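Visitor: Following this message is one structure expressed as structure tokens.
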Amino acid sequence: MTTARPTPPSPTPTTSTTSITSTTTSTTPSLTPSPAPRPAPVFGRALCAMVTPFTGSGALDLDGARLLADRLVSAGCDGLVLSGTTGESPTTSDAEKAELVAAVREAVGDRASIVAGVGTSDTRHTVELARAAEKAGADGVLVVSPYYSRPPQDALEAHFREVADASGLPVMLYDIPGRTGTRIEPDTMLRLAEHPRIVAVKDCSYDFLGAQKVLSRTELAYYAGCEEHHLALYAVGGAGYVSTVANVVPDRLRSVLDAFDAGDTFRAARLQQQAMELIESMMASGLPGTVTAKGLLGDLGLPAGPVRSPLRPADREMVVGLRAAYDRLMARHEIPPPPGHAHVR
């Protein structure tokens with residue numbers, strides 16, 4: 001499923017000006033080229049890396065997943081990424097992953113895309129999960145680099161190609177070398193882009209130059225996987241983001257992209273800046289984003305439940321701090337204007 005971007009406003013047409021004392025018409029050429037609309041990203045712009053809700057006893061909470069998914073999509077998420085790192089994929093079974101996809105599909109229908117995390121350190125297992133995700137109703141699969149074994153680039157490329165060949169679903173590559181130990185090098189990404197079903201990247205490489213190199217030479221949809229890069233990557237042609245913080249403030253994060261698409265880059269920057277306190281609290285506190293997201297969701301009375309071992313829940317002090325950062329963000333309604341401009345909301 002794709003979500004159409006708003007079409008940028010047409011430039012003001014050039015007008016002819018006629019001198020009072022002459023019949024000669026002079027035309028002032030436009031110095032700004034006509035903006036081309038962005039292509040609609042394959043999975044939408046605003047994607048949430050959704051937590052996997054569990055019951056108090058640690059069982060999969062499908063009712064909670066349905067409720068959370070519906071809330072996220074109603075608040076502006078174009079797509080949901082299930083069973084990623086934030087979704088605790090290392091501690092959910094194959095059957096639970098498929099059940100989660102089916103339940104969320106039931107909840108959101110065709111209002112949003114569903115991308116299922118299927119990456120493992122075993123190519124054969126990843127292929128099996130990709131086929132199961134397709135059967136369960138996913139729109140695409142997220143495939144992380146095989147972790148721990150650290151395959152060389154030629155083996156890494158072969159792994160991704162085999163997974164892409166295994167189902168009819170489009171593939172989002174997940175480049176997060178800080179967790180996997182293996183980078184998908186830009187040259188490898190360029191070759192993988194030639195595969196017809198490898199269509200997108202979740203980028204957590206912290207290599208902005210490498211990302212722009214691939215963006216400039218391929219049609220891959222690049223999604224920021226690092227919260228602080230949402231606007232920066234979008235501004236140079238990225239497709240949007242895959243966000244953990246969107247579990248709690250989906251509308252606030254989407255508003256950054258909406259402002260940028262409307263041509264209000266100042267507002268977009270301010271909105272991104274305003275979200276940074278919560279982003280830092282959730283993503284740079286020394287705890288995994290899964291832990292902080294579930295802690296804050298629970299404090300807000302939303303479906304989340306506990307984390308599974310070996311993760312541990314956020315302590316009360318941490319949750320209080322997260323809630324305070326959340327409340328401060330939600331209390332901010334106005335965007336101060338740039339010097340010499342009217343006040344904007």
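If you're wondering about the labels, chains in the structure tokens are A, B, ... by order shown, residues count from 1 in each chain, ligands from 1 in order shown.
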Using the chain letters and numbers from this document, which residues of segment 176-252 of chain A does DSSP assign to helix (DSSP H, G or I), as a VMD selection string?
Guide: chain A and resid 177 to 180 186 to 192 208 to 217 227 to 235 245 to 247 250 to 252
Visitor: With a distance cut-off of 8 Å and only C-alpha atoms, select the neighbouring residues of Gly117 of chain A, excluding the residue or stretch itself and same-chain residues fewer than 2 positions from it, and output the selection as a list in words.
Guide: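 Near neighbours after the sequence-gap exclusion: Val81, Leu82, Ser83, Gly84, Ser89, Val115, Gly119, Val141, Leu142 and Val143 of chain A.
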Visitor: Could you save the residues just selected, with N, CA, C and O atoms, as a PDB file, in the first residue's frame?
Guide:
ATOM      1  N   VAL A  81       5.739  -1.153  11.381  1.00  0.00           N
ATOM      2  CA  VAL A  81       6.787  -2.169  11.269  1.00  0.00           C
ATOM      3  C   VAL A  81       6.677  -3.055  12.497  1.00  0.00           C
ATOM      4  O   VAL A  81       6.830  -2.598  13.634  1.00  0.00           O
ATOM      5  N   LEU A  82       6.374  -4.327  12.272  1.00  0.00           N
ATOM      6  CA  LEU A  82       6.148  -5.283  13.353  1.00  0.00           C
ATOM      7  C   LEU A  82       7.350  -6.209  13.511  1.00  0.00           C
ATOM      8  O   LEU A  82       8.045  -6.516  12.536  1.00  0.00           O
ATOM      9  N   SER A  83       7.567  -6.655  14.732  1.00  0.00           N
ATOM     10  CA  SER A  83       8.616  -7.650  15.018  1.00  0.00           C
ATOM     11  C   SER A  83       9.996  -7.181  14.573  1.00  0.00           C
ATOM     12  O   SER A  83      10.815  -7.967  14.095  1.00  0.00           O
ATOM     13  N   GLY A  84      10.246  -5.882  14.766  1.00  0.00           N
ATOM     14  CA  GLY A  84      11.602  -5.385  14.618  1.00  0.00           C
ATOM     15  C   GLY A  84      12.300  -5.423  15.966  1.00  0.00           C
ATOM     16  O   GLY A  84      11.872  -6.132  16.888  1.00  0.00           O
ATOM     17  N   SER A  89      11.675  -8.866  18.560  1.00  0.00           N
ATOM     18  CA  SER A  89      11.723 -10.049  17.697  1.00  0.00           C
ATOM     19  C   SER A  89      12.633 -11.165  18.211  1.00  0.00           C
ATOM     20  O   SER A  89      12.330 -12.340  17.970  1.00  0.00           O
ATOM     21  N   VAL A 115       4.799  -3.856   7.558  1.00  0.00           N
ATOM     22  CA  VAL A 115       6.109  -4.401   7.217  1.00  0.00           C
ATOM     23  C   VAL A 115       6.526  -5.315   8.361  1.00  0.00           C
ATOM     24  O   VAL A 115       6.588  -4.890   9.513  1.00  0.00           O
ATOM     25  N   GLY A 119      14.237 -10.672   9.777  1.00  0.00           N
ATOM     26  CA  GLY A 119      15.678 -10.893   9.749  1.00  0.00           C
ATOM     27  C   GLY A 119      16.177 -11.747  10.898  1.00  0.00           C
ATOM     28  O   GLY A 119      15.760 -11.566  12.046  1.00  0.00           O
ATOM     29  N   VAL A 141       8.616  -6.883   3.929  1.00  0.00           N
ATOM     30  CA  VAL A 141       9.424  -7.466   4.997  1.00  0.00           C
ATOM     31  C   VAL A 141      10.641  -6.588   5.262  1.00  0.00           C
ATOM     32  O   VAL A 141      11.208  -5.983   4.355  1.00  0.00           O
ATOM     33  N   LEU A 142      11.002  -6.517   6.533  1.00  0.00           N
ATOM     34  CA  LEU A 142      12.202  -5.828   6.982  1.00  0.00           C
ATOM     35  C   LEU A 142      13.264  -6.878   7.251  1.00  0.00           C
ATOM     36  O   LEU A 142      13.041  -7.789   8.055  1.00  0.00           O
ATOM     37  N   VAL A 143      14.410  -6.753   6.594  1.00  0.00           N
ATOM     38  CA  VAL A 143      15.450  -7.782   6.698  1.00  0.00           C
ATOM     39  C   VAL A 143      16.740  -7.139   7.190  1.00  0.00           C
ATOM     40  O   VAL A 143      17.375  -6.358   6.477  1.00  0.00           O
TER      41      VAL A 143
END
Visitor: Report as a Markdown table the residues of segment 259-298 of chain A within 7 Å of segment 235-255 of chain A, each with its shortest atom pair and distance in Å (one decimal), using only C-alpha atoms, ordered by chain and increasing residue number.
Guide:
| residue | atom | partner | partner_atom | distance |
| --- | --- | --- | --- | --- |
| A:Ala259 | CA | A:Ser255 | CA | 6.0 |
| A:Ile279 | CA | A:Val245 | CA | 6.6 |
| A:Gly289 | CA | A:Thr244 | CA | 6.6 |
| A:Ala293 | CA | A:Asn247 | CA | 6.8 |
| A:Leu297 | CA | A:Val248 | CA | 6.5 |
Visitor: Quick one: everything within 12 Å of Gln212 of chain A, counting only C-alpha atoms, minus sequence neighbours fewer than 5 positions away in the same chain. Send it as a list in words.
Guide: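 Using only C-alpha atoms, the neighbours found are Pro186, Met189, Leu190, Asp203, Ser205, Tyr206, Asp207, Arg217, Thr218, Glu219, Leu220, Ala221, Tyr222, Tyr223, Ala224, Ala232, Leu233, Tyr234, Ala235, Val236, Gly237 and Gly238 of chain A.
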Visitor: Pull the strand (DSSP E) assignments for segment 136-193 of chain A out of DSSP run on the backbone, and list those residues as a ChimeraX atom specification.
Guide: /A:140-144,171-175
Visitor: Go ahead and save the residues from that selection, with N, CA and C atoms, as an mmCIF file, in the first residue's frame.
Guide:
data_model
loop_
_atom_site.group_PDB
_atom_site.id
_atom_site.type_symbol
_atom_site.label_atom_id
_atom_site.label_comp_id
_atom_site.auth_asym_id
_atom_site.auth_seq_id
_atom_site.Cartn_x
_atom_site.Cartn_y
_atom_site.Cartn_z
ATOM 1 N N GLY A 140 5.142 -6.054 3.213
ATOM 2 C CA GLY A 140 6.564 -6.051 2.943
ATOM 3 C C GLY A 140 7.298 -6.684 4.102
ATOM 4 N N VAL A 141 8.616 -6.883 3.929
ATOM 5 C CA VAL A 141 9.424 -7.466 4.997
ATOM 6 C C VAL A 141 10.641 -6.588 5.262
ATOM 7 N N LEU A 142 11.002 -6.517 6.533
ATOM 8 C CA LEU A 142 12.202 -5.828 6.982
ATOM 9 C C LEU A 142 13.264 -6.878 7.251
ATOM 10 N N VAL A 143 14.410 -6.753 6.594
ATOM 11 C CA VAL A 143 15.450 -7.782 6.698
ATOM 12 C C VAL A 143 16.740 -7.139 7.190
ATOM 13 N N VAL A 144 17.114 -7.451 8.412
ATOM 14 C CA VAL A 144 18.330 -6.925 8.999
ATOM 15 C C VAL A 144 19.520 -7.777 8.555
ATOM 16 N N VAL A 171 11.054 -5.733 -0.204
ATOM 17 C CA VAL A 171 12.000 -5.861 0.903
ATOM 18 C C VAL A 171 12.533 -4.498 1.309
ATOM 19 N N MET A 172 12.545 -4.255 2.622
ATOM 20 C CA MET A 172 13.245 -3.113 3.204
ATOM 21 C C MET A 172 14.494 -3.647 3.893
ATOM 22 N N LEU A 173 15.656 -3.249 3.420
ATOM 23 C CA LEU A 173 16.900 -3.630 4.068
ATOM 24 C C LEU A 173 17.063 -2.825 5.350
ATOM 25 N N TYR A 174 17.670 -3.426 6.353
ATOM 26 C CA TYR A 174 17.857 -2.761 7.647
ATOM 27 C C TYR A 174 19.347 -2.720 7.944
ATOM 28 N N ASP A 175 19.918 -1.531 7.858
ATOM 29 C CA ASP A 175 21.356 -1.346 8.044
ATOM 30 C C ASP A 175 21.609 -0.729 9.414
#
Visitor: Residues at most 6 Å from Asp78 of chain A, counting only C-alpha atoms, excluding those fewer than 2 positions away in the same chain, as a list in words?
Guide: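 That gives Gly44, Ala46, Leu47 and Ala112 of chain A.
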